[in-house]
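Below is target09.cif, which holds mmCIF, C-alpha atoms.
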data_upload
loop_
_atom_site.group_PDB
_atom_site.id
_atom_site.type_symbol
_atom_site.label_atom_id
_atom_site.label_comp_id
_atom_site.auth_asym_id
_atom_site.auth_seq_id
_atom_site.Cartn_x
_atom_site.Cartn_y
_atom_site.Cartn_z
ATOM 1 C CA MET N 1 93.660 70.042 141.048
ATOM 2 C CA THR N 2 96.155 67.279 141.858
ATOM 3 C CA PRO N 3 99.466 68.714 143.126
ATOM 4 C CA PRO N 4 102.566 67.792 141.082
ATOM 5 C CA ILE N 5 104.651 64.864 142.251
ATOM 6 C CA THR N 6 108.014 65.934 143.608
ATOM 7 C CA ALA N 7 111.141 64.225 144.909
ATOM 8 C CA ILE N 8 111.007 62.598 148.342
ATOM 9 C CA GLY N 9 114.204 61.819 150.220
ATOM 10 C CA LEU N 10 116.609 60.042 147.863
ATOM 11 C CA LEU N 11 113.944 59.420 145.232
ATOM 12 C CA THR N 12 113.503 61.637 142.207
ATOM 13 C CA ALA N 13 110.033 62.722 141.087
ATOM 14 C CA ASP N 14 110.029 60.029 138.374
ATOM 15 C CA GLN N 15 111.032 57.373 140.908
ATOM 16 C CA VAL N 16 108.255 58.531 143.229
ATOM 17 C CA LYS N 17 105.789 58.052 140.354
ATOM 18 C CA ASP N 18 107.134 54.530 139.769
ATOM 19 C CA VAL N 19 106.833 53.669 143.462
ATOM 20 C CA LEU N 20 103.249 54.939 143.600
ATOM 21 C CA GLY N 21 102.414 52.909 140.511
ATOM 22 C CA ALA N 22 103.811 49.789 142.150
ATOM 23 C CA ALA N 23 101.719 50.361 145.272
ATOM 24 C CA THR N 24 98.522 50.335 143.216
ATOM 25 C CA ARG N 25 99.304 46.735 142.222
ATOM 26 C CA ALA N 26 99.024 45.402 145.765
ATOM 27 C CA SER N 27 96.760 42.407 146.316
ATOM 28 C CA SER N 28 93.243 42.934 147.606
ATOM 29 C CA THR N 29 90.045 40.928 147.845
ATOM 30 C CA ARG N 30 88.105 44.153 147.168
ATOM 31 C CA PRO N 31 87.183 45.524 143.729
ATOM 32 C CA THR N 32 88.887 48.842 144.517
ATOM 33 C CA PRO N 33 91.570 49.692 147.088
ATOM 34 C CA ALA N 34 90.348 51.404 150.256
ATOM 35 C CA TRP N 35 93.686 53.093 150.940
ATOM 36 C CA ARG N 36 95.577 56.073 149.559
ATOM 37 C CA VAL N 37 99.237 57.146 149.549
ATOM 38 C CA ARG N 38 99.994 60.752 150.431
ATOM 39 C CA CYS N 39 103.380 62.190 149.454
ATOM 40 C CA THR N 40 104.868 64.622 151.970
ATOM 41 C CA PRO N 41 108.353 66.037 152.613
ATOM 42 C CA ALA N 42 108.563 63.602 155.554
ATOM 43 C CA GLY N 43 107.914 60.553 153.372
ATOM 44 C CA PHE N 44 105.082 58.401 152.025
ATOM 45 C CA GLU N 45 101.972 58.282 154.210
ATOM 46 C CA LEU N 46 99.714 55.264 153.704
ATOM 47 C CA HIS N 47 96.132 56.069 154.754
ATOM 48 C CA THR N 48 92.830 54.284 154.756
ATOM 49 C CA ASP N 49 90.467 56.112 152.422
ATOM 50 C CA PRO N 50 87.704 57.749 154.506
ATOM 51 C CA ARG N 51 85.578 58.059 151.364
ATOM 52 C CA CYS N 52 85.257 54.273 151.133
ATOM 53 C CA ALA N 53 82.750 52.383 153.220
ATOM 54 C CA PRO N 54 84.233 49.573 155.329
ATOM 55 C CA PRO N 55 84.197 46.277 153.414
ATOM 56 C CA PRO N 56 81.567 43.676 154.314
ATOM 57 C CA ALA N 57 84.406 41.635 155.830
ATOM 58 C CA GLY N 58 85.079 44.519 158.208
ATOM 59 C CA GLN N 59 88.144 46.483 159.240
ATOM 60 C CA ARG N 60 90.384 43.417 159.153
ATOM 61 C CA GLU N 61 90.427 43.099 155.353
ATOM 62 C CA LEU N 62 90.990 46.844 155.020
ATOM 63 C CA LEU N 63 94.110 46.537 157.181
ATOM 64 C CA LEU N 64 95.319 43.453 155.299
ATOM 65 C CA SER N 65 95.002 45.255 151.978
ATOM 66 C CA GLY N 66 96.780 48.274 153.427
ATOM 67 C CA GLY N 67 99.560 45.978 154.611
ATOM 68 C CA ALA N 68 99.877 44.516 151.114
ATOM 69 C CA ALA N 69 100.207 48.021 149.689
ATOM 70 C CA LEU N 70 102.796 48.844 152.352
ATOM 71 C CA PHE N 71 104.985 45.867 151.464
ATOM 72 C CA THR N 72 104.769 46.709 147.760
ATOM 73 C CA LEU N 73 105.709 50.320 148.508
ATOM 74 C CA ARG N 74 108.636 49.261 150.711
ATOM 75 C CA THR N 75 109.917 46.766 148.140
ATOM 76 C CA ALA N 76 109.761 49.212 145.231
ATOM 77 C CA ILE N 77 111.671 51.811 147.282
ATOM 78 C CA HIS N 78 114.279 49.257 148.391
ATOM 79 C CA ALA N 79 114.938 48.183 144.790
ATOM 80 C CA LEU N 80 115.815 51.796 143.944
ATOM 81 C CA GLY N 81 118.602 51.835 146.533
ATOM 82 C CA ALA N 82 116.819 53.725 149.303
ATOM 83 C CA HIS N 83 116.082 52.280 152.749
ATOM 84 C CA PRO N 84 112.296 52.308 153.351
ATOM 85 C CA ALA N 85 112.334 53.147 157.062
ATOM 86 C CA THR N 86 108.805 52.214 158.123
ATOM 87 C CA SER N 87 106.646 53.118 161.116
ATOM 88 C CA ILE N 88 103.316 51.286 161.464
ATOM 89 C CA LEU N 89 100.439 53.216 163.045
ATOM 90 C CA PRO N 90 102.813 56.060 163.972
ATOM 91 C CA HIS N 91 100.287 58.580 165.337
ATOM 92 C CA ARG N 92 97.330 57.775 167.580
ATOM 93 C CA ASP N 93 95.754 61.121 166.737
ATOM 94 C CA ALA N 94 95.718 60.223 163.004
ATOM 95 C CA PRO N 95 93.313 57.262 162.841
ATOM 96 C CA THR N 96 93.490 56.891 159.042
ATOM 97 C CA LEU N 97 97.313 56.752 158.972
ATOM 98 C CA LEU N 98 98.452 53.130 158.628
ATOM 99 C CA ALA N 99 102.149 53.710 158.065
ATOM 100 C CA LEU N 100 104.861 56.231 157.265
ATOM 101 C CA VAL N 101 107.713 55.218 154.941
ATOM 102 C CA ARG N 102 110.819 57.447 154.869
ATOM 103 C CA PRO N 103 113.296 56.857 151.969
ATOM 104 C CA PHE N 104 116.147 59.052 153.233
ATOM 105 C CA ALA N 105 119.065 56.615 153.670
ATOM 106 C CA ALA N 106 120.980 54.848 150.907
ATOM 107 C CA ILE N 107 121.372 51.054 150.945
ATOM 108 C CA ARG N 108 122.770 48.296 148.754
ATOM 109 C CA PRO N 109 119.640 46.542 147.407
ATOM 110 C CA ASN N 110 119.113 42.927 148.453
ATOM 111 C CA PRO N 111 118.976 40.770 145.270
ATOM 112 C CA ARG N 112 116.039 38.778 146.660
ATOM 113 C CA LEU N 113 113.972 41.936 147.180
ATOM 114 C CA VAL N 114 115.017 43.316 143.794
ATOM 115 C CA ARG N 115 113.689 40.103 142.256
ATOM 116 C CA LEU N 116 110.406 40.487 144.130
ATOM 117 C CA ALA N 117 110.151 44.098 142.976
ATOM 118 C CA GLY N 118 110.467 42.855 139.403
ATOM 119 C CA THR N 119 107.446 40.567 139.885
ATOM 120 C CA ILE N 120 105.122 43.363 141.073
ATOM 121 C CA PRO N 121 103.716 44.108 137.581
ATOM 122 C CA HIS N 122 103.152 40.384 136.950
ATOM 123 C CA ARG N 123 101.521 39.287 140.220
ATOM 124 C CA CYS N 124 97.877 38.413 139.779
ATOM 125 C CA THR N 125 95.363 36.575 141.921
ATOM 126 C CA GLY N 126 92.325 35.379 140.036
ATOM 127 C CA ARG N 127 89.800 32.636 139.473
ATOM 128 C CA VAL N 128 91.991 30.266 137.543
ATOM 129 C CA THR N 129 92.110 26.609 136.543
ATOM 130 C CA PHE N 130 95.021 24.852 138.225
ATOM 131 C CA ARG N 131 97.117 22.060 136.777
ATOM 132 C CA ASP N 132 97.354 18.794 138.674
ATOM 133 C CA SER N 133 101.024 19.249 139.566
ATOM 134 C CA ALA N 134 102.892 19.391 142.849
ATOM 135 C CA VAL N 135 104.625 22.511 144.141
ATOM 136 C CA PRO N 136 108.305 21.720 144.916
ATOM 137 C CA ARG N 137 109.246 21.532 148.590
ATOM 138 C CA ALA N 138 111.958 24.153 148.084
ATOM 139 C CA VAL N 139 109.335 26.612 146.858
ATOM 140 C CA LEU N 140 107.095 25.868 149.834
ATOM 141 C CA ALA N 141 110.059 26.542 152.116
ATOM 142 C CA ASP N 142 110.603 29.892 150.377
ATOM 143 C CA LEU N 143 106.935 30.767 150.910
ATOM 144 C CA ARG N 144 107.232 29.956 154.616
ATOM 145 C CA ARG N 145 110.325 32.129 154.936
ATOM 146 C CA ALA N 146 108.552 34.965 153.120
ATOM 147 C CA ALA N 147 105.781 34.978 155.741
ATOM 148 C CA GLU N 148 108.182 34.667 158.674
ATOM 149 C CA VAL N 149 110.341 37.607 157.537
ATOM 150 C CA GLU N 150 107.202 39.759 157.865
ATOM 151 C CA GLN N 151 106.476 38.400 161.362
ATOM 152 C CA ALA N 152 103.683 36.079 160.295
ATOM 153 C CA TRP N 153 103.425 32.310 159.826
ATOM 154 C CA LEU N 154 102.470 30.145 156.889
ATOM 155 C CA HIS N 155 100.751 26.830 157.574
ATOM 156 C CA ARG N 156 100.007 24.095 155.061
ATOM 157 C CA PRO N 157 96.969 22.086 156.195
ATOM 158 C CA GLY N 158 97.361 18.333 156.383
ATOM 159 C CA PRO N 159 94.857 16.003 154.676
ATOM 160 C CA ASP N 160 92.388 15.991 157.584
ATOM 161 C CA GLN N 161 92.612 19.767 158.044
ATOM 162 C CA LEU N 162 92.169 20.282 154.302
ATOM 163 C CA THR N 163 88.975 18.234 154.335
ATOM 164 C CA ARG N 164 87.599 20.282 157.226
ATOM 165 C CA LEU N 165 88.692 23.497 155.521
ATOM 166 C CA ARG N 166 86.715 22.520 152.424
ATOM 167 C CA GLU N 167 83.690 21.954 154.649
ATOM 168 C CA LEU N 168 84.225 25.381 156.214
ATOM 169 C CA ILE N 169 84.338 27.050 152.813
ATOM 170 C CA HIS N 170 81.279 25.152 151.667
ATOM 171 C CA GLY N 171 79.357 26.364 154.720
ATOM 172 C CA SER N 172 80.597 29.967 154.837
ATOM 173 C CA HIS N 173 80.365 31.063 151.203
ATOM 174 C CA PRO N 174 76.541 30.847 151.102
ATOM 175 C CA LEU N 175 76.510 33.141 154.151
ATOM 176 C CA GLN N 176 78.488 35.694 152.158
ATOM 177 C CA LEU N 177 76.100 35.403 149.225
ATOM 178 C CA SER N 178 73.173 36.052 151.571
ATOM 179 C CA SER N 179 74.673 39.440 152.499
ATOM 180 C CA PRO N 180 73.373 42.296 150.297
ATOM 181 C CA ALA N 181 76.514 44.317 151.079
ATOM 182 C CA PHE N 182 78.783 41.476 149.915
ATOM 183 C CA VAL N 183 76.811 40.896 146.718
ATOM 184 C CA ALA N 184 76.787 44.632 145.934
ATOM 185 C CA GLU N 185 80.546 44.873 146.424
ATOM 186 C CA GLN N 186 81.255 41.837 144.247
ATOM 187 C CA ARG N 187 78.956 42.933 141.416
ATOM 188 C CA PRO N 188 81.669 44.949 139.605
ATOM 189 C CA TRP N 189 83.690 41.733 139.394
ATOM 190 C CA SER N 190 80.795 39.652 138.101
ATOM 191 C CA VAL N 191 79.928 41.352 134.828
ATOM 192 C CA CYS N 192 79.262 38.858 132.058
ATOM 193 C CA GLY N 193 77.021 39.620 129.125
ATOM 194 C CA PRO N 194 76.897 39.817 125.314
ATOM 195 C CA GLY N 195 80.268 41.016 124.102
ATOM 196 C CA ARG N 196 81.575 41.626 127.605
ATOM 197 C CA CYS N 197 83.280 39.498 130.194
ATOM 198 C CA ASP N 198 85.419 41.620 132.474
ATOM 199 C CA GLY N 199 84.377 39.906 135.651
ATOM 200 C CA ALA N 200 83.554 36.341 136.606
ATOM 201 C CA ALA N 201 80.425 34.290 136.806
ATOM 202 C CA GLY N 202 78.845 34.921 140.173
ATOM 203 C CA HIS N 203 79.142 31.287 141.198
ATOM 204 C CA ALA N 204 82.765 30.890 140.064
ATOM 205 C CA ALA N 205 84.145 31.908 143.413
ATOM 206 C CA ASN N 206 86.996 29.413 143.799
ATOM 207 C CA THR N 207 85.104 27.902 146.693
ATOM 208 C CA MET N 208 83.009 24.777 146.762
ATOM 209 C CA SER N 209 80.473 23.029 144.610
ATOM 210 C CA PRO N 210 76.939 22.602 146.004
ATOM 211 C CA ASP N 211 77.659 18.944 146.753
ATOM 212 C CA GLY N 212 80.921 19.793 148.497
ATOM 213 C CA GLN N 213 82.925 17.283 146.445
ATOM 214 C CA GLY N 214 85.564 19.536 144.921
ATOM 215 C CA TRP N 215 87.145 22.933 144.553
ATOM 216 C CA ILE N 216 85.255 25.084 142.070
ATOM 217 C CA ARG N 217 87.127 26.432 139.085
ATOM 218 C CA PRO N 218 85.876 28.338 136.043
ATOM 219 C CA GLU N 219 85.872 26.758 132.593
ATOM 220 C CA PRO N 220 88.322 28.587 130.323
ATOM 221 C CA GLY N 221 86.524 30.614 127.698
ATOM 222 C CA PRO N 222 84.317 33.691 127.362
ATOM 223 C CA CYS N 223 82.103 34.244 130.389
ATOM 224 C CA SER N 224 83.483 31.157 132.066
ATOM 225 C CA ARG N 225 81.232 28.755 133.931
ATOM 226 C CA ALA N 226 82.235 26.963 137.088
ATOM 227 C CA ARG N 227 82.944 23.242 137.151
ATOM 228 C CA ILE N 228 84.486 20.899 139.644
ATOM 229 C CA ASP N 229 88.259 20.757 139.976
ATOM 230 C CA GLY N 230 89.032 17.358 141.456
ATOM 231 C CA THR N 231 92.725 18.053 141.952
ATOM 232 C CA GLU N 232 94.063 18.522 145.448
ATOM 233 C CA PRO N 233 95.407 22.085 145.579
ATOM 234 C CA LEU N 234 98.281 23.529 147.548
ATOM 235 C CA VAL N 235 96.415 25.535 150.154
ATOM 236 C CA VAL N 236 98.278 27.673 152.679
ATOM 237 C CA ILE N 237 97.033 29.705 155.623
ATOM 238 C CA ILE N 238 98.794 32.892 156.723
ATOM 239 C CA GLY N 239 98.346 33.614 160.422
ATOM 240 C CA SER N 240 99.524 35.908 163.192
ATOM 241 C CA LEU N 241 100.104 35.359 166.911
ATOM 242 C CA ASP N 242 97.722 38.163 167.831
ATOM 243 C CA ASP N 243 94.882 39.988 166.100
ATOM 244 C CA THR N 244 95.605 43.674 166.737
ATOM 245 C CA SER N 245 95.537 46.289 163.990
ATOM 246 C CA GLU N 246 99.322 46.140 163.781
ATOM 247 C CA ASP N 247 99.231 42.345 163.481
ATOM 248 C CA ARG N 248 96.749 42.599 160.632
ATOM 249 C CA ILE N 249 98.904 45.136 158.780
ATOM 250 C CA ARG N 250 101.926 42.858 159.213
ATOM 251 C CA ALA N 251 99.879 39.885 157.990
ATOM 252 C CA GLY N 252 98.928 41.915 154.919
ATOM 253 C CA GLN N 253 102.612 42.525 154.256
ATOM 254 C CA ALA N 254 103.279 38.805 154.687
ATOM 255 C CA ARG N 255 100.440 37.954 152.303
ATOM 256 C CA GLN N 256 101.914 40.228 149.648
ATOM 257 C CA ARG N 257 105.445 38.889 150.136
ATOM 258 C CA VAL N 258 104.154 35.321 149.845
ATOM 259 C CA LEU N 259 102.234 36.188 146.663
ATOM 260 C CA LEU N 260 105.245 37.891 145.079
ATOM 261 C CA THR N 261 107.472 34.958 146.085
ATOM 262 C CA ALA N 262 104.969 32.604 144.456
ATOM 263 C CA THR N 263 104.962 34.735 141.302
ATOM 264 C CA ALA N 264 108.777 34.660 141.203
ATOM 265 C CA ALA N 265 108.561 30.841 141.365
ATOM 266 C CA GLY N 266 106.140 30.737 138.434
ATOM 267 C CA LEU N 267 103.070 29.987 140.533
ATOM 268 C CA ASP N 268 99.568 31.390 140.213
ATOM 269 C CA ALA N 269 97.330 32.207 143.167
ATOM 270 C CA ALA N 270 93.701 32.496 144.179
ATOM 271 C CA PHE N 271 92.134 33.776 147.379
ATOM 272 C CA LEU N 272 89.937 31.427 149.410
ATOM 273 C CA ALA N 273 88.304 34.228 151.336
ATOM 274 C CA PRO N 274 85.106 32.860 152.966
ATOM 275 C CA PRO N 275 86.760 31.071 155.928
ATOM 276 C CA VAL N 276 88.500 34.273 157.059
ATOM 277 C CA GLU N 277 85.856 36.816 156.047
ATOM 278 C CA VAL N 278 82.907 35.137 157.812
ATOM 279 C CA PRO N 279 83.524 35.633 161.571
ATOM 280 C CA ALA N 280 82.042 32.317 162.696
ATOM 281 C CA ALA N 281 84.038 30.410 160.081
ATOM 282 C CA ARG N 282 87.219 32.245 161.051
ATOM 283 C CA ALA N 283 86.718 31.251 164.681
ATOM 284 C CA ARG N 284 86.311 27.616 163.647
ATOM 285 C CA LEU N 285 89.383 27.850 161.424
ATOM 286 C CA ARG N 286 91.409 29.178 164.356
ATOM 287 C CA THR N 287 90.294 26.168 166.402
ATOM 288 C CA LEU N 288 91.265 23.911 163.504
ATOM 289 C CA LEU N 289 94.771 25.428 163.630
ATOM 290 C CA GLY N 290 95.038 24.596 167.332
ATOM 291 C CA GLY N 291 94.054 28.000 168.718
ATOM 292 C CA GLY N 292 97.579 29.410 168.650
ATOM 293 C CA LEU N 293 97.325 31.422 165.428
ATOM 294 C CA TRP N 294 94.819 33.944 164.162
ATOM 295 C CA PRO N 295 94.089 33.036 160.516
ATOM 296 C CA GLN N 296 94.370 36.128 158.313
ATOM 297 C CA ALA N 297 94.435 34.778 154.750
ATOM 298 C CA VAL N 298 93.864 31.502 152.914
ATOM 299 C CA LEU N 299 95.516 31.079 149.513
ATOM 300 C CA ARG N 300 95.439 28.422 146.841
ATOM 301 C CA LEU N 301 98.687 28.174 144.873
ATOM 302 C CA GLY N 302 99.762 26.242 141.810
ATOM 303 C CA ARG N 303 100.263 26.509 138.078
ATOM 304 C CA ALA N 304 97.326 27.694 136.041
ATOM 305 C CA ILE N 305 96.274 26.187 132.732
ATOM 306 C CA PRO N 306 96.776 28.816 129.999
ATOM 307 C CA GLY N 307 93.616 30.281 128.575
ATOM 308 C CA PRO N 308 91.181 33.153 129.014
ATOM 309 C CA GLN N 309 90.645 33.624 132.710
ATOM 310 C CA SER N 310 88.992 36.129 134.984
ATOM 311 C CA THR N 311 91.118 38.587 136.933
ATOM 312 C CA ALA N 312 88.409 39.026 139.544
ATOM 313 C CA GLY N 313 89.865 39.026 143.009
ATOM 314 C CA LEU N 314 92.993 40.988 142.159
#

Written as structure tokens, that's how I'd like the structure from this file.
Amino acid sequence: MTPPITAIGLLTADQVKDVLGAATRASSTRPTPAWRVRCTPAGFELHTDPRCAPPPAGQRELLLSGGAALFTLRTAIHALGAHPATSILPHRDAPTLLALVRPFAAIRPNPRLVRLAGTIPHRCTGRVTFRDSAVPRAVLADLRRAAEVEQAWLHRPGPDQLTRLRELIHGSHPLQLSSPAFVAEQRPWSVCGPGRCDGAAGHAANTMSPDGQGWIRPEPGPCSRARIDGTEPLVVIIGSLDDTSEDRIRAGQARQRVLLTATAAGLDAAFLAPPVEVPAARARLRTLLGGGLWPQAVLRLGRAIPGPQSTAGL
């Protein structure tokens, strides 16, 4: 039997429920989150879920997703007027414990964070069709600041880097599809049949076409089919100076802050996961970035064309 939710620190029981609900909306490239929040008198404990097998992409994506949940948790607490004092990896003898968040001190909420908290229910990453429109420079600057506040960096590839990135995606996605573990994990997101379309066509992966000439997008409509999107997208890479567990958790927080900042600016987002989930491709991407940053996430941002679209890749 699930124990009743009670007050923690300055938060009432109802506020604790709201905060937990917000945490479940954190971004992840997995069909289901591999982390859990435990409520204790000392605060909120964010744990990896030992019942879940490690993702095909390995421990790195698990830590990134945990970091995204941590930022969402922190932001929701902050918006309620409590300081989310956070310790990352606080106990070496508790290997599943990613972070402890203690909401015991009152603060005056920062309007910028309150705005981000308001976008949590609306943030969505999916396989969408993007308009051919530029993202304003001021918005790009806000996205960069969002990553830097969380001790990560956001890089926008130049034309030559973008071409090589497309080649990397084109080469690495087939490697993912050749992995039985990857295909099995993605199957819940790829359910299309008579009267049902709650996933995405298996080939509509926001990656590359077989001829490598464009970014794949799904056709709007029931059980969408992929076609070539010839527009040049805004692609950004979130990286860290090192690649420790703590760096990956911080990069996950940066990824979530960037996504919420994009949502606040009216932008839509899609993950471009193959170049960071395939180890060999990630190594090549790091070289492409000059070797100084460890790439942790690749995002495509822009304004989506309204219409029925898959939410796969939430």

What residues come out when you apply the PyMOL selection byres ((chain N and resi 133) around 8) to this file, written as a PyMOL selection string? chain N and resi 131-132+134-135+302-303

Output C-alpha atoms for every residue in that selection, as a compact mmCIF listing (two decimals), keeping the file's coordinate frame.
# COMPACT_ATOMS: atom_id res chain seq x y z
CA ARG N 131 97.12 22.06 136.78
CA ASP N 132 97.35 18.79 138.67
CA ALA N 134 102.89 19.39 142.85
CA VAL N 135 104.62 22.51 144.14
CA GLY N 302 99.76 26.24 141.81
CA ARG N 303 100.26 26.51 138.08

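Here the question is which of N:Gly292, N:Gly9, N:Pro4, N:Gly67 gets nearest to Pro84 (chain N) using only C-alpha atoms, and that residue is N:Gly9.
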
Do you have the CA of Gly118 (chain N)-CA of His78 (chain N) distance handy? 11.7 Å

Residues within 12 Å of region 42-45 of chain N, all atoms listed in the file, excluding chain neighbours under 3 positions, as an mmCIF file with C-alpha atoms, in the frame of the given file:
data_model
loop_
_atom_site.group_PDB
_atom_site.id
_atom_site.type_symbol
_atom_site.label_atom_id
_atom_site.label_comp_id
_atom_site.auth_asym_id
_atom_site.auth_seq_id
_atom_site.Cartn_x
_atom_site.Cartn_y
_atom_site.Cartn_z
ATOM 1 C CA ILE N 5 104.651 64.864 142.251
ATOM 2 C CA THR N 6 108.014 65.934 143.608
ATOM 3 C CA ALA N 7 111.141 64.225 144.909
ATOM 4 C CA ILE N 8 111.007 62.598 148.342
ATOM 5 C CA GLY N 9 114.204 61.819 150.220
ATOM 6 C CA LEU N 10 116.609 60.042 147.863
ATOM 7 C CA LEU N 11 113.944 59.420 145.232
ATOM 8 C CA VAL N 16 108.255 58.531 143.229
ATOM 9 C CA LYS N 17 105.789 58.052 140.354
ATOM 10 C CA VAL N 19 106.833 53.669 143.462
ATOM 11 C CA LEU N 20 103.249 54.939 143.600
ATOM 12 C CA ALA N 23 101.719 50.361 145.272
ATOM 13 C CA TRP N 35 93.686 53.093 150.940
ATOM 14 C CA ARG N 36 95.577 56.073 149.559
ATOM 15 C CA VAL N 37 99.237 57.146 149.549
ATOM 16 C CA ARG N 38 99.994 60.752 150.431
ATOM 17 C CA CYS N 39 103.380 62.190 149.454
ATOM 18 C CA THR N 48 92.830 54.284 154.756
ATOM 19 C CA ASP N 49 90.467 56.112 152.422
ATOM 20 C CA GLY N 66 96.780 48.274 153.427
ATOM 21 C CA ALA N 69 100.207 48.021 149.689
ATOM 22 C CA LEU N 70 102.796 48.844 152.352
ATOM 23 C CA LEU N 73 105.709 50.320 148.508
ATOM 24 C CA ARG N 74 108.636 49.261 150.711
ATOM 25 C CA ILE N 77 111.671 51.811 147.282
ATOM 26 C CA ALA N 82 116.819 53.725 149.303
ATOM 27 C CA HIS N 83 116.082 52.280 152.749
ATOM 28 C CA PRO N 84 112.296 52.308 153.351
ATOM 29 C CA ALA N 85 112.334 53.147 157.062
ATOM 30 C CA THR N 86 108.805 52.214 158.123
ATOM 31 C CA SER N 87 106.646 53.118 161.116
ATOM 32 C CA ILE N 88 103.316 51.286 161.464
ATOM 33 C CA LEU N 89 100.439 53.216 163.045
ATOM 34 C CA PRO N 90 102.813 56.060 163.972
ATOM 35 C CA HIS N 91 100.287 58.580 165.337
ATOM 36 C CA ALA N 94 95.718 60.223 163.004
ATOM 37 C CA THR N 96 93.490 56.891 159.042
ATOM 38 C CA LEU N 97 97.313 56.752 158.972
ATOM 39 C CA LEU N 98 98.452 53.130 158.628
ATOM 40 C CA ALA N 99 102.149 53.710 158.065
ATOM 41 C CA LEU N 100 104.861 56.231 157.265
ATOM 42 C CA VAL N 101 107.713 55.218 154.941
ATOM 43 C CA ARG N 102 110.819 57.447 154.869
ATOM 44 C CA PRO N 103 113.296 56.857 151.969
ATOM 45 C CA PHE N 104 116.147 59.052 153.233
ATOM 46 C CA ALA N 105 119.065 56.615 153.670
#

Report, as AutoDock Vina command-line options, the axis-aligned box around all atoms of region 272-287 of chain N present in the file, extended by 8 Å on each side; give centre and edge lengths in Å to one decimal place.
--center_x 86.7 --center_y 31.5 --center_z 157.9 --size_x 25.4 --size_y 26.6 --size_z 33.0

Given only C-alpha atoms as the basis, pick out the residue of N:Leu299, N:Leu260, N:Ala254, N:Leu285 nearest to Ala273 (chain N).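 Nearest to Ala273 (chain N): N:Leu299.
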
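Going from CA of Ser27 (chain N) over to CA of Ala141 (chain N), you cover 21.5 Å.
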
N, CA and C atoms for region 238-251 of chain N, written as a PDB file, in the coordinates of the input, could you do that?
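Listing of selection_20.pdb after writing:
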ATOM      1  N   ILE N 238      97.893  31.914 156.109  1.00  0.00           N
ATOM      2  CA  ILE N 238      98.794  32.892 156.723  1.00  0.00           C
ATOM      3  C   ILE N 238      98.152  33.360 158.016  1.00  0.00           C
ATOM      4  N   GLY N 239      98.897  33.262 159.121  1.00  0.00           N
ATOM      5  CA  GLY N 239      98.346  33.614 160.422  1.00  0.00           C
ATOM      6  C   GLY N 239      99.291  34.484 161.228  1.00  0.00           C
ATOM      7  N   SER N 240      98.744  35.066 162.282  1.00  0.00           N
ATOM      8  CA  SER N 240      99.524  35.908 163.192  1.00  0.00           C
ATOM      9  C   SER N 240      99.292  35.441 164.623  1.00  0.00           C
ATOM     10  N   LEU N 241     100.230  35.778 165.516  1.00  0.00           N
ATOM     11  CA  LEU N 241     100.104  35.359 166.911  1.00  0.00           C
ATOM     12  C   LEU N 241      99.031  36.126 167.648  1.00  0.00           C
ATOM     13  N   ASP N 242      98.776  37.356 167.218  1.00  0.00           N
ATOM     14  CA  ASP N 242      97.722  38.163 167.831  1.00  0.00           C
ATOM     15  C   ASP N 242      96.861  38.739 166.726  1.00  0.00           C
ATOM     16  N   ASP N 243      95.845  39.506 167.098  1.00  0.00           N
ATOM     17  CA  ASP N 243      94.882  39.988 166.100  1.00  0.00           C
ATOM     18  C   ASP N 243      94.661  41.492 166.237  1.00  0.00           C
ATOM     19  N   THR N 244      95.700  42.223 166.635  1.00  0.00           N
ATOM     20  CA  THR N 244      95.605  43.674 166.737  1.00  0.00           C
ATOM     21  C   THR N 244      95.673  44.300 165.347  1.00  0.00           C
ATOM     22  N   SER N 245      95.439  45.593 165.276  1.00  0.00           N
ATOM     23  CA  SER N 245      95.537  46.289 163.990  1.00  0.00           C
ATOM     24  C   SER N 245      96.938  46.142 163.410  1.00  0.00           C
ATOM     25  N   GLU N 246      97.950  46.269 164.267  1.00  0.00           N
ATOM     26  CA  GLU N 246      99.322  46.140 163.781  1.00  0.00           C
ATOM     27  C   GLU N 246      99.583  44.734 163.261  1.00  0.00           C
ATOM     28  N   ASP N 247      99.059  43.718 163.959  1.00  0.00           N
ATOM     29  CA  ASP N 247      99.231  42.345 163.481  1.00  0.00           C
ATOM     30  C   ASP N 247      98.591  42.152 162.121  1.00  0.00           C
ATOM     31  N   ARG N 248      97.438  42.747 161.911  1.00  0.00           N
ATOM     32  CA  ARG N 248      96.749  42.599 160.632  1.00  0.00           C
ATOM     33  C   ARG N 248      97.515  43.289 159.510  1.00  0.00           C
ATOM     34  N   ILE N 249      98.089  44.455 159.798  1.00  0.00           N
ATOM     35  CA  ILE N 249      98.904  45.136 158.780  1.00  0.00           C
ATOM     36  C   ILE N 249     100.122  44.292 158.445  1.00  0.00           C
ATOM     37  N   ARG N 250     100.765  43.713 159.463  1.00  0.00           N
ATOM     38  CA  ARG N 250     101.926  42.858 159.213  1.00  0.00           C
ATOM     39  C   ARG N 250     101.517  41.607 158.427  1.00  0.00           C
ATOM     40  N   ALA N 251     100.351  41.056 158.730  1.00  0.00           N
ATOM     41  CA  ALA N 251      99.879  39.885 157.990  1.00  0.00           C
ATOM     42  C   ALA N 251      99.608  40.247 156.536  1.00  0.00           C
TER      43      ALA N 251
END
